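File shown: protein18.pdb (PDB, N, CA and C atoms).
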ATOM      1  N   MET G   1     -43.847  -8.292  15.759
ATOM      2  CA  MET G   1     -44.454  -8.606  14.491
ATOM      3  C   MET G   1     -45.301  -9.875  14.666
ATOM      4  N   LYS G   2     -46.360  -9.882  13.932
ATOM      5  CA  LYS G   2     -47.194 -11.081  13.936
ATOM      6  C   LYS G   2     -47.589 -11.401  12.512
ATOM      7  N   LEU G   3     -47.917 -12.631  12.299
ATOM      8  CA  LEU G   3     -48.295 -13.095  10.973
ATOM      9  C   LEU G   3     -49.730 -12.684  10.688
ATOM     10  N   SER G   4     -49.973 -12.220   9.486
ATOM     11  CA  SER G   4     -51.341 -11.817   9.126
ATOM     12  C   SER G   4     -52.250 -13.040   9.107
ATOM     13  N   GLU G   5     -53.565 -12.757   9.058
ATOM     14  CA  GLU G   5     -54.532 -13.858   9.122
ATOM     15  C   GLU G   5     -54.425 -14.789   7.928
ATOM     16  N   ASP G   6     -54.045 -14.249   6.771
ATOM     17  CA  ASP G   6     -53.922 -15.139   5.606
ATOM     18  C   ASP G   6     -52.582 -15.870   5.583
ATOM     19  N   GLY G   7     -51.664 -15.509   6.520
ATOM     20  CA  GLY G   7     -50.393 -16.211   6.637
ATOM     21  C   GLY G   7     -49.374 -15.802   5.601
ATOM     22  N   GLN G   8     -49.567 -14.710   4.898
ATOM     23  CA  GLN G   8     -48.681 -14.293   3.823
ATOM     24  C   GLN G   8     -47.702 -13.185   4.235
ATOM     25  N   ASN G   9     -48.112 -12.318   5.176
ATOM     26  CA  ASN G   9     -47.310 -11.145   5.503
ATOM     27  C   ASN G   9     -47.105 -11.020   7.001
ATOM     28  N   TRP G  10     -46.053 -10.283   7.372
ATOM     29  CA  TRP G  10     -45.815  -9.932   8.762
ATOM     30  C   TRP G  10     -46.327  -8.516   8.975
ATOM     31  N   ILE G  11     -47.017  -8.300  10.061
ATOM     32  CA  ILE G  11     -47.543  -6.978  10.381
ATOM     33  C   ILE G  11     -47.170  -6.636  11.811
ATOM     34  N   PRO G  12     -47.048  -5.314  12.121
ATOM     35  CA  PRO G  12     -46.716  -4.935  13.496
ATOM     36  C   PRO G  12     -47.839  -5.335  14.452
ATOM     37  N   ILE G  13     -47.438  -5.709  15.680
ATOM     38  CA  ILE G  13     -48.442  -6.082  16.678
ATOM     39  C   ILE G  13     -49.254  -4.865  17.073
ATOM     40  N   ASP G  14     -48.587  -3.743  17.337
ATOM     41  CA  ASP G  14     -49.266  -2.514  17.720
ATOM     42  C   ASP G  14     -48.814  -1.435  16.755
ATOM     43  N   SER G  15     -49.620  -1.099  15.782
ATOM     44  CA  SER G  15     -49.219  -0.153  14.748
ATOM     45  C   SER G  15     -49.046   1.250  15.302
ATOM     46  N   GLU G  16     -49.663   1.587  16.437
ATOM     47  CA  GLU G  16     -49.505   2.920  17.015
ATOM     48  C   GLU G  16     -48.118   3.100  17.633
ATOM     49  N   SER G  17     -47.495   2.028  18.103
ATOM     50  CA  SER G  17     -46.198   2.150  18.771
ATOM     51  C   SER G  17     -45.078   2.473  17.793
ATOM     52  N   THR G  18     -45.275   2.236  16.521
ATOM     53  CA  THR G  18     -44.205   2.507  15.550
ATOM     54  C   THR G  18     -44.125   3.977  15.187
ATOM     55  N   ASN G  19     -45.136   4.753  15.479
ATOM     56  CA  ASN G  19     -45.140   6.167  15.109
ATOM     57  C   ASN G  19     -44.943   7.092  16.301
ATOM     58  N   ILE G  20     -44.521   6.578  17.450
ATOM     59  CA  ILE G  20     -44.352   7.393  18.647
ATOM     60  C   ILE G  20     -43.026   8.143  18.559
ATOM     61  N   LEU G  21     -43.079   9.471  18.749
ATOM     62  CA  LEU G  21     -41.865  10.276  18.816
ATOM     63  C   LEU G  21     -41.432  10.385  20.263
ATOM     64  N   ARG G  22     -40.183  10.191  20.515
ATOM     65  CA  ARG G  22     -39.672  10.262  21.883
ATOM     66  C   ARG G  22     -39.253  11.689  22.176
ATOM     67  N   GLU G  23     -39.412  12.097  23.412
ATOM     68  CA  GLU G  23     -38.997  13.441  23.796
ATOM     69  C   GLU G  23     -37.479  13.532  23.825
ATOM     70  N   GLY G  24     -36.939  14.648  23.381
ATOM     71  CA  GLY G  24     -35.501  14.860  23.390
ATOM     72  C   GLY G  24     -34.786  14.282  22.186
ATOM     73  N   VAL G  25     -35.474  13.588  21.346
ATOM     74  CA  VAL G  25     -34.855  13.016  20.163
ATOM     75  C   VAL G  25     -35.072  13.970  19.008
ATOM     76  N   GLN G  26     -34.000  14.376  18.394
ATOM     77  CA  GLN G  26     -34.116  15.284  17.272
ATOM     78  C   GLN G  26     -34.109  14.494  15.981
ATOM     79  N   THR G  27     -34.962  14.875  15.102
ATOM     80  CA  THR G  27     -34.988  14.233  13.791
ATOM     81  C   THR G  27     -34.587  15.259  12.754
ATOM     82  N   SER G  28     -33.912  14.810  11.759
ATOM     83  CA  SER G  28     -33.524  15.700  10.675
ATOM     84  C   SER G  28     -33.630  14.945   9.371
ATOM     85  N   THR G  29     -33.885  15.686   8.338
ATOM     86  CA  THR G  29     -33.939  15.066   7.024
ATOM     87  C   THR G  29     -32.567  15.185   6.386
ATOM     88  N   VAL G  30     -32.144  14.141   5.760
ATOM     89  CA  VAL G  30     -30.840  14.099   5.116
ATOM     90  C   VAL G  30     -31.058  13.968   3.625
ATOM     91  N   GLU G  31     -30.525  14.931   2.919
ATOM     92  CA  GLU G  31     -30.609  14.856   1.474
ATOM     93  C   GLU G  31     -29.331  14.194   0.965
ATOM     94  N   SER G  32     -29.503  13.200   0.187
ATOM     95  CA  SER G  32     -28.322  12.516  -0.340
ATOM     96  C   SER G  32     -28.296  12.655  -1.850
ATOM     97  N   GLU G  33     -27.108  12.867  -2.337
ATOM     98  CA  GLU G  33     -26.908  12.953  -3.769
ATOM     99  C   GLU G  33     -26.046  11.774  -4.194
ATOM    100  N   ALA G  34     -26.208  11.385  -5.413
ATOM    101  CA  ALA G  34     -25.360  10.322  -5.934
ATOM    102  C   ALA G  34     -23.931  10.851  -6.014
ATOM    103  N   PRO G  35     -22.946  10.069  -5.592
ATOM    104  CA  PRO G  35     -21.569  10.558  -5.643
ATOM    105  C   PRO G  35     -21.138  10.801  -7.083
ATOM    106  N   GLY G  36     -20.334  11.820  -7.260
ATOM    107  CA  GLY G  36     -19.846  12.148  -8.595
ATOM    108  C   GLY G  36     -18.688  11.267  -8.987
ATOM    109  N   ILE G  37     -18.033  11.662 -10.039
ATOM    110  CA  ILE G  37     -16.905  10.892 -10.560
ATOM    111  C   ILE G  37     -15.616  11.203  -9.812
ATOM    112  N   VAL G  38     -15.571  12.319  -9.092
ATOM    113  CA  VAL G  38     -14.338  12.761  -8.431
ATOM    114  C   VAL G  38     -13.815  11.728  -7.428
ATOM    115  N   PRO G  39     -14.644  11.144  -6.552
ATOM    116  CA  PRO G  39     -14.078  10.124  -5.641
ATOM    117  C   PRO G  39     -13.526   8.914  -6.381
ATOM    118  N   LEU G  40     -14.150   8.558  -7.488
ATOM    119  CA  LEU G  40     -13.658   7.408  -8.251
ATOM    120  C   LEU G  40     -12.312   7.718  -8.892
ATOM    121  N   VAL G  41     -12.161   8.937  -9.392
ATOM    122  CA  VAL G  41     -10.886   9.323  -9.996
ATOM    123  C   VAL G  41      -9.793   9.353  -8.939
ATOM    124  N   GLY G  42     -10.124   9.877  -7.749
ATOM    125  CA  GLY G  42      -9.138   9.903  -6.669
ATOM    126  C   GLY G  42      -8.724   8.501  -6.248
ATOM    127  N   ALA G  43      -9.685   7.603  -6.138
ATOM    128  CA  ALA G  43      -9.371   6.227  -5.764
ATOM    129  C   ALA G  43      -8.565   5.536  -6.855
ATOM    130  N   GLY G  44      -8.910   5.806  -8.101
ATOM    131  CA  GLY G  44      -8.155   5.219  -9.212
ATOM    132  C   GLY G  44      -6.730   5.710  -9.247
ATOM    133  N   THR G  45      -6.552   7.000  -9.007
ATOM    134  CA  THR G  45      -5.206   7.578  -8.987
ATOM    135  C   THR G  45      -4.379   6.973  -7.860
ATOM    136  N   ALA G  46      -4.990   6.825  -6.702
ATOM    137  CA  ALA G  46      -4.278   6.213  -5.576
ATOM    138  C   ALA G  46      -3.912   4.769  -5.899
ATOM    139  N   GLY G  47      -4.818   4.043  -6.522
ATOM    140  CA  GLY G  47      -4.537   2.653  -6.884
ATOM    141  C   GLY G  47      -3.400   2.533  -7.876
ATOM    142  N   VAL G  48      -3.389   3.413  -8.869
ATOM    143  CA  VAL G  48      -2.309   3.392  -9.863
ATOM    144  C   VAL G  48      -0.984   3.759  -9.196
ATOM    145  N   GLY G  49      -1.009   4.744  -8.299
ATOM    146  CA  GLY G  49       0.219   5.127  -7.599
ATOM    147  C   GLY G  49       0.774   3.995  -6.758
ATOM    148  N   ILE G  50      -0.099   3.320  -6.042
ATOM    149  CA  ILE G  50       0.342   2.181  -5.219
ATOM    150  C   ILE G  50       0.879   1.061  -6.104
ATOM    151  N   GLY G  51       0.194   0.804  -7.206
ATOM    152  CA  GLY G  51       0.645  -0.247  -8.120
ATOM    153  C   GLY G  51       2.013   0.046  -8.710
ATOM    154  N   LEU G  52       2.218   1.294  -9.147
ATOM    155  CA  LEU G  52       3.519   1.657  -9.715
ATOM    156  C   LEU G  52       4.625   1.588  -8.670
ATOM    157  N   THR G  53       4.309   1.957  -7.444
ATOM    158  CA  THR G  53       5.296   1.858  -6.366
ATOM    159  C   THR G  53       5.685   0.404  -6.119
ATOM    160  N   LEU G  54       4.698  -0.483  -6.123
ATOM    161  CA  LEU G  54       4.998  -1.907  -5.919
ATOM    162  C   LEU G  54       5.826  -2.475  -7.067
ATOM    163  N   VAL G  55       5.503  -2.094  -8.300
ATOM    164  CA  VAL G  55       6.261  -2.579  -9.453
ATOM    165  C   VAL G  55       7.695  -2.056  -9.400
ATOM    166  N   ALA G  56       7.865  -0.775  -9.064
ATOM    167  CA  ALA G  56       9.212  -0.215  -8.962
ATOM    168  C   ALA G  56      10.009  -0.899  -7.852
ATOM    169  N   GLY G  57       9.372  -1.145  -6.714
ATOM    170  CA  GLY G  57      10.044  -1.850  -5.620
ATOM    171  C   GLY G  57      10.456  -3.252  -6.017
ATOM    172  N   TYR G  58       9.573  -3.952  -6.736
ATOM    173  CA  TYR G  58       9.897  -5.301  -7.198
ATOM    174  C   TYR G  58      11.078  -5.258  -8.165
ATOM    175  N   PHE G  59      11.059  -4.288  -9.076
ATOM    176  CA  PHE G  59      12.161  -4.150 -10.033
ATOM    177  C   PHE G  59      13.480  -3.890  -9.320
ATOM    178  N   ILE G  60      13.455  -3.001  -8.344
ATOM    179  CA  ILE G  60      14.681  -2.680  -7.603
ATOM    180  C   ILE G  60      15.188  -3.906  -6.845
ATOM    181  N   LEU G  61      14.273  -4.620  -6.190
ATOM    182  CA  LEU G  61      14.702  -5.783  -5.405
ATOM    183  C   LEU G  61      15.183  -6.933  -6.261
ATOM    184  N   THR G  62      14.660  -7.061  -7.478
ATOM    185  CA  THR G  62      15.037  -8.212  -8.296
ATOM    186  C   THR G  62      16.161  -7.931  -9.276
ATOM    187  N   THR G  63      16.469  -6.662  -9.535
ATOM    188  CA  THR G  63      17.537  -6.376 -10.493
ATOM    189  C   THR G  63      18.652  -5.527  -9.893
ATOM    190  N   VAL G  64      18.321  -4.398  -9.324
ATOM    191  CA  VAL G  64      19.347  -3.466  -8.860
ATOM    192  C   VAL G  64      20.113  -4.031  -7.666
ATOM    193  N   VAL G  65      19.399  -4.568  -6.686
ATOM    194  CA  VAL G  65      20.067  -5.081  -5.479
ATOM    195  C   VAL G  65      21.006  -6.245  -5.810
ATOM    196  N   PRO G  66      20.600  -7.231  -6.614
ATOM    197  CA  PRO G  66      21.564  -8.299  -6.943
ATOM    198  C   PRO G  66      22.779  -7.789  -7.731
ATOM    199  N   ILE G  67      22.562  -6.838  -8.638
ATOM    200  CA  ILE G  67      23.693  -6.298  -9.401
ATOM    201  C   ILE G  67      24.665  -5.593  -8.468
ATOM    202  N   LEU G  68      24.150  -4.785  -7.551
ATOM    203  CA  LEU G  68      25.022  -4.118  -6.589
ATOM    204  C   LEU G  68      25.736  -5.119  -5.689
ATOM    205  N   GLY G  69      25.037  -6.189  -5.330
ATOM    206  CA  GLY G  69      25.658  -7.226  -4.505
ATOM    207  C   GLY G  69      26.802  -7.908  -5.222
ATOM    208  N   VAL G  70      26.614  -8.233  -6.491
ATOM    209  CA  VAL G  70      27.680  -8.867  -7.275
ATOM    210  C   VAL G  70      28.850  -7.911  -7.438
ATOM    211  N   MET G  71      28.548  -6.634  -7.681
ATOM    212  CA  MET G  71      29.633  -5.655  -7.823
ATOM    213  C   MET G  71      30.421  -5.526  -6.517
ATOM    214  N   PHE G  72      29.728  -5.533  -5.389
ATOM    215  CA  PHE G  72      30.418  -5.441  -4.102
ATOM    216  C   PHE G  72      31.326  -6.655  -3.884
ATOM    217  N   VAL G  73      30.826  -7.854  -4.202
ATOM    218  CA  VAL G  73      31.632  -9.067  -4.027
ATOM    219  C   VAL G  73      32.865  -9.017  -4.921
ATOM    220  N   LEU G  74      32.690  -8.582  -6.176
ATOM    221  CA  LEU G  74      33.839  -8.491  -7.081
ATOM    222  C   LEU G  74      34.846  -7.450  -6.592
ATOM    223  N   PHE G  75      34.345  -6.317  -6.113
ATOM    224  CA  PHE G  75      35.230  -5.292  -5.561
ATOM    225  C   PHE G  75      36.024  -5.847  -4.379
ATOM    226  N   PHE G  76      35.336  -6.561  -3.479
ATOM    227  CA  PHE G  76      36.002  -7.127  -2.302
ATOM    228  C   PHE G  76      37.052  -8.162  -2.710
ATOM    229  N   LEU G  77      36.703  -9.023  -3.674
ATOM    230  CA  LEU G  77      37.661 -10.041  -4.113
ATOM    231  C   LEU G  77      38.881  -9.406  -4.778
ATOM    232  N   PHE G  78      38.680  -8.356  -5.567
ATOM    233  CA  PHE G  78      39.814  -7.662  -6.192
ATOM    234  C   PHE G  78      40.678  -7.006  -5.132
ATOM    235  N   TRP G  79      40.060  -6.379  -4.151
ATOM    236  CA  TRP G  79      40.812  -5.754  -3.058
ATOM    237  C   TRP G  79      41.607  -6.819  -2.289
ATOM    238  N   LEU G  80      40.950  -7.963  -2.023
ATOM    239  CA  LEU G  80      41.625  -9.046  -1.315
ATOM    240  C   LEU G  80      42.797  -9.586  -2.126
ATOM    241  N   PHE G  81      42.622  -9.689  -3.437
ATOM    242  CA  PHE G  81      43.715 -10.132  -4.301
ATOM    243  C   PHE G  81      44.901  -9.175  -4.210
ATOM    244  N   LEU G  82      44.630  -7.866  -4.241
ATOM    245  CA  LEU G  82      45.718  -6.890  -4.153
ATOM    246  C   LEU G  82      46.436  -6.973  -2.812
ATOM    247  N   VAL G  83      45.690  -7.203  -1.751
ATOM    248  CA  VAL G  83      46.310  -7.342  -0.425
ATOM    249  C   VAL G  83      47.164  -8.602  -0.378
ATOM    250  N   LEU G  84      46.666  -9.696  -0.969
ATOM    251  CA  LEU G  84      47.406 -10.966  -0.936
ATOM    252  C   LEU G  84      48.680 -10.926  -1.767
ATOM    253  N   ILE G  85      48.736 -10.090  -2.806
ATOM    254  CA  ILE G  85      49.970 -10.030  -3.601
ATOM    255  C   ILE G  85      50.980  -9.047  -3.025
ATOM    256  N   GLY G  86      50.654  -8.415  -1.892
ATOM    257  CA  GLY G  86      51.664  -7.647  -1.203
ATOM    258  C   GLY G  86      51.343  -6.182  -0.962
ATOM    259  N   MET G  87      50.253  -5.672  -1.466
ATOM    260  CA  MET G  87      49.916  -4.271  -1.200
ATOM    261  C   MET G  87      49.317  -4.149   0.188
ATOM    262  N   SER G  88      49.522  -3.007   0.792
ATOM    263  CA  SER G  88      48.863  -2.767   2.079
ATOM    264  C   SER G  88      47.382  -2.481   1.805
ATOM    265  N   PRO G  89      46.533  -2.656   2.810
ATOM    266  CA  PRO G  89      45.106  -2.393   2.584
ATOM    267  C   PRO G  89      44.809  -0.978   2.090
ATOM    268  N   SER G  90      45.470   0.017   2.687
ATOM    269  CA  SER G  90      45.204   1.390   2.246
ATOM    270  C   SER G  90      45.785   1.648   0.853
ATOM    271  N   GLU G  91      46.932   1.058   0.561
ATOM    272  CA  GLU G  91      47.535   1.218  -0.761
ATOM    273  C   GLU G  91      46.674   0.554  -1.832
ATOM    274  N   SER G  92      46.113  -0.616  -1.510
ATOM    275  CA  SER G  92      45.253  -1.292  -2.484
ATOM    276  C   SER G  92      43.970  -0.511  -2.729
ATOM    277  N   MET G  93      43.425   0.131  -1.685
ATOM    278  CA  MET G  93      42.229   0.964  -1.866
ATOM    279  C   MET G  93      42.554   2.173  -2.733
ATOM    280  N   ALA G  94      43.720   2.776  -2.495
ATOM    281  CA  ALA G  94      44.133   3.917  -3.308
ATOM    282  C   ALA G  94      44.306   3.501  -4.763
ATOM    283  N   TYR G  95      44.871   2.314  -4.994
ATOM    284  CA  TYR G  95      45.047   1.814  -6.358
ATOM    285  C   TYR G  95      43.698   1.603  -7.036
ATOM    286  N   ILE G  96      42.765   1.001  -6.303
ATOM    287  CA  ILE G  96      41.437   0.741  -6.880
ATOM    288  C   ILE G  96      40.742   2.053  -7.224
ATOM    289  N   PHE G  97      40.749   3.016  -6.305
ATOM    290  CA  PHE G  97      40.068   4.290  -6.558
ATOM    291  C   PHE G  97      40.772   5.098  -7.658
ATOM    292  N   ASP G  98      42.110   4.957  -7.745
ATOM    293  CA  ASP G  98      42.831   5.647  -8.804
ATOM    294  C   ASP G  98      42.519   5.025 -10.158
ATOM    295  N   THR G  99      42.388   3.703 -10.195
ATOM    296  CA  THR G  99      42.139   2.995 -11.444
ATOM    297  C   THR G  99      40.697   3.178 -11.917
ATOM    298  N   PHE G 100      39.731   2.963 -11.000
ATOM    299  CA  PHE G 100      38.321   2.976 -11.395
ATOM    300  C   PHE G 100      37.603   4.271 -11.052
ATOM    301  N   GLY G 101      38.221   5.140 -10.300
ATOM    302  CA  GLY G 101      37.545   6.360  -9.857
ATOM    303  C   GLY G 101      37.772   7.478 -10.757
TER     304      GLY G 101
END
Would you mind giving the structure from this file in structure tokens?
Amino acid sequence: MKLSEDGQNWIPIDSESTNILREGVQTSTVESEAPGIVPLVGAGTAGVGIGLTLVAGYFILTTVVPILGVMFVLFFLFWLFLVLIGMSPSESMAYIFDTFG
């Protein structure tokens, strides 16, 4: 490219070299259409699905897991109490499952 004589525009140095077709190179015309609404709906659906999955995971990690953890600790402490007052481990498990099961 070179600057035009008035200094305002860039012009090709050799304008004939820009229109040379090379041998063995295939050219094709590509018709493009504006994308429809379908890809946007698919992307939106995927985004909503991912968002709901993250919210559900957060809910499970912040509520269900701690509740189950507290229940497990209470179950273990009750079992330990039964063992300490004289029940055998298997007898205390049978008592717990008979009472709460």
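For the atom pair formed by CA of Leu80 (chain G) and CA of Tyr95 (chain G), the distance is 12.5 Å, given to one decimal.
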task = Pull the strand (DSSP E or B) assignments for chain G out of DSSP run on the backbone, and list those residues as an NGL selection string.
result = :G and (2-3 or 10-11)
d(atom C of Ser92 (chain G), CA of Trp79 (chain G)) in Å =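 Separating atom C of Ser92 (chain G) from CA of Trp79 (chain G) is a distance of 6.1 Å.
The space between atom C of Met1 (chain G) and atom C of Ile13 (chain G) spans 6.8 Å.
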ask   = Excluding same-chain residues fewer than 3 positions from Lys2 (chain G), what lies within 8 Å of it counting only C-alpha atoms, as a PyMOL selection string?
value = chain G and resi 10-13
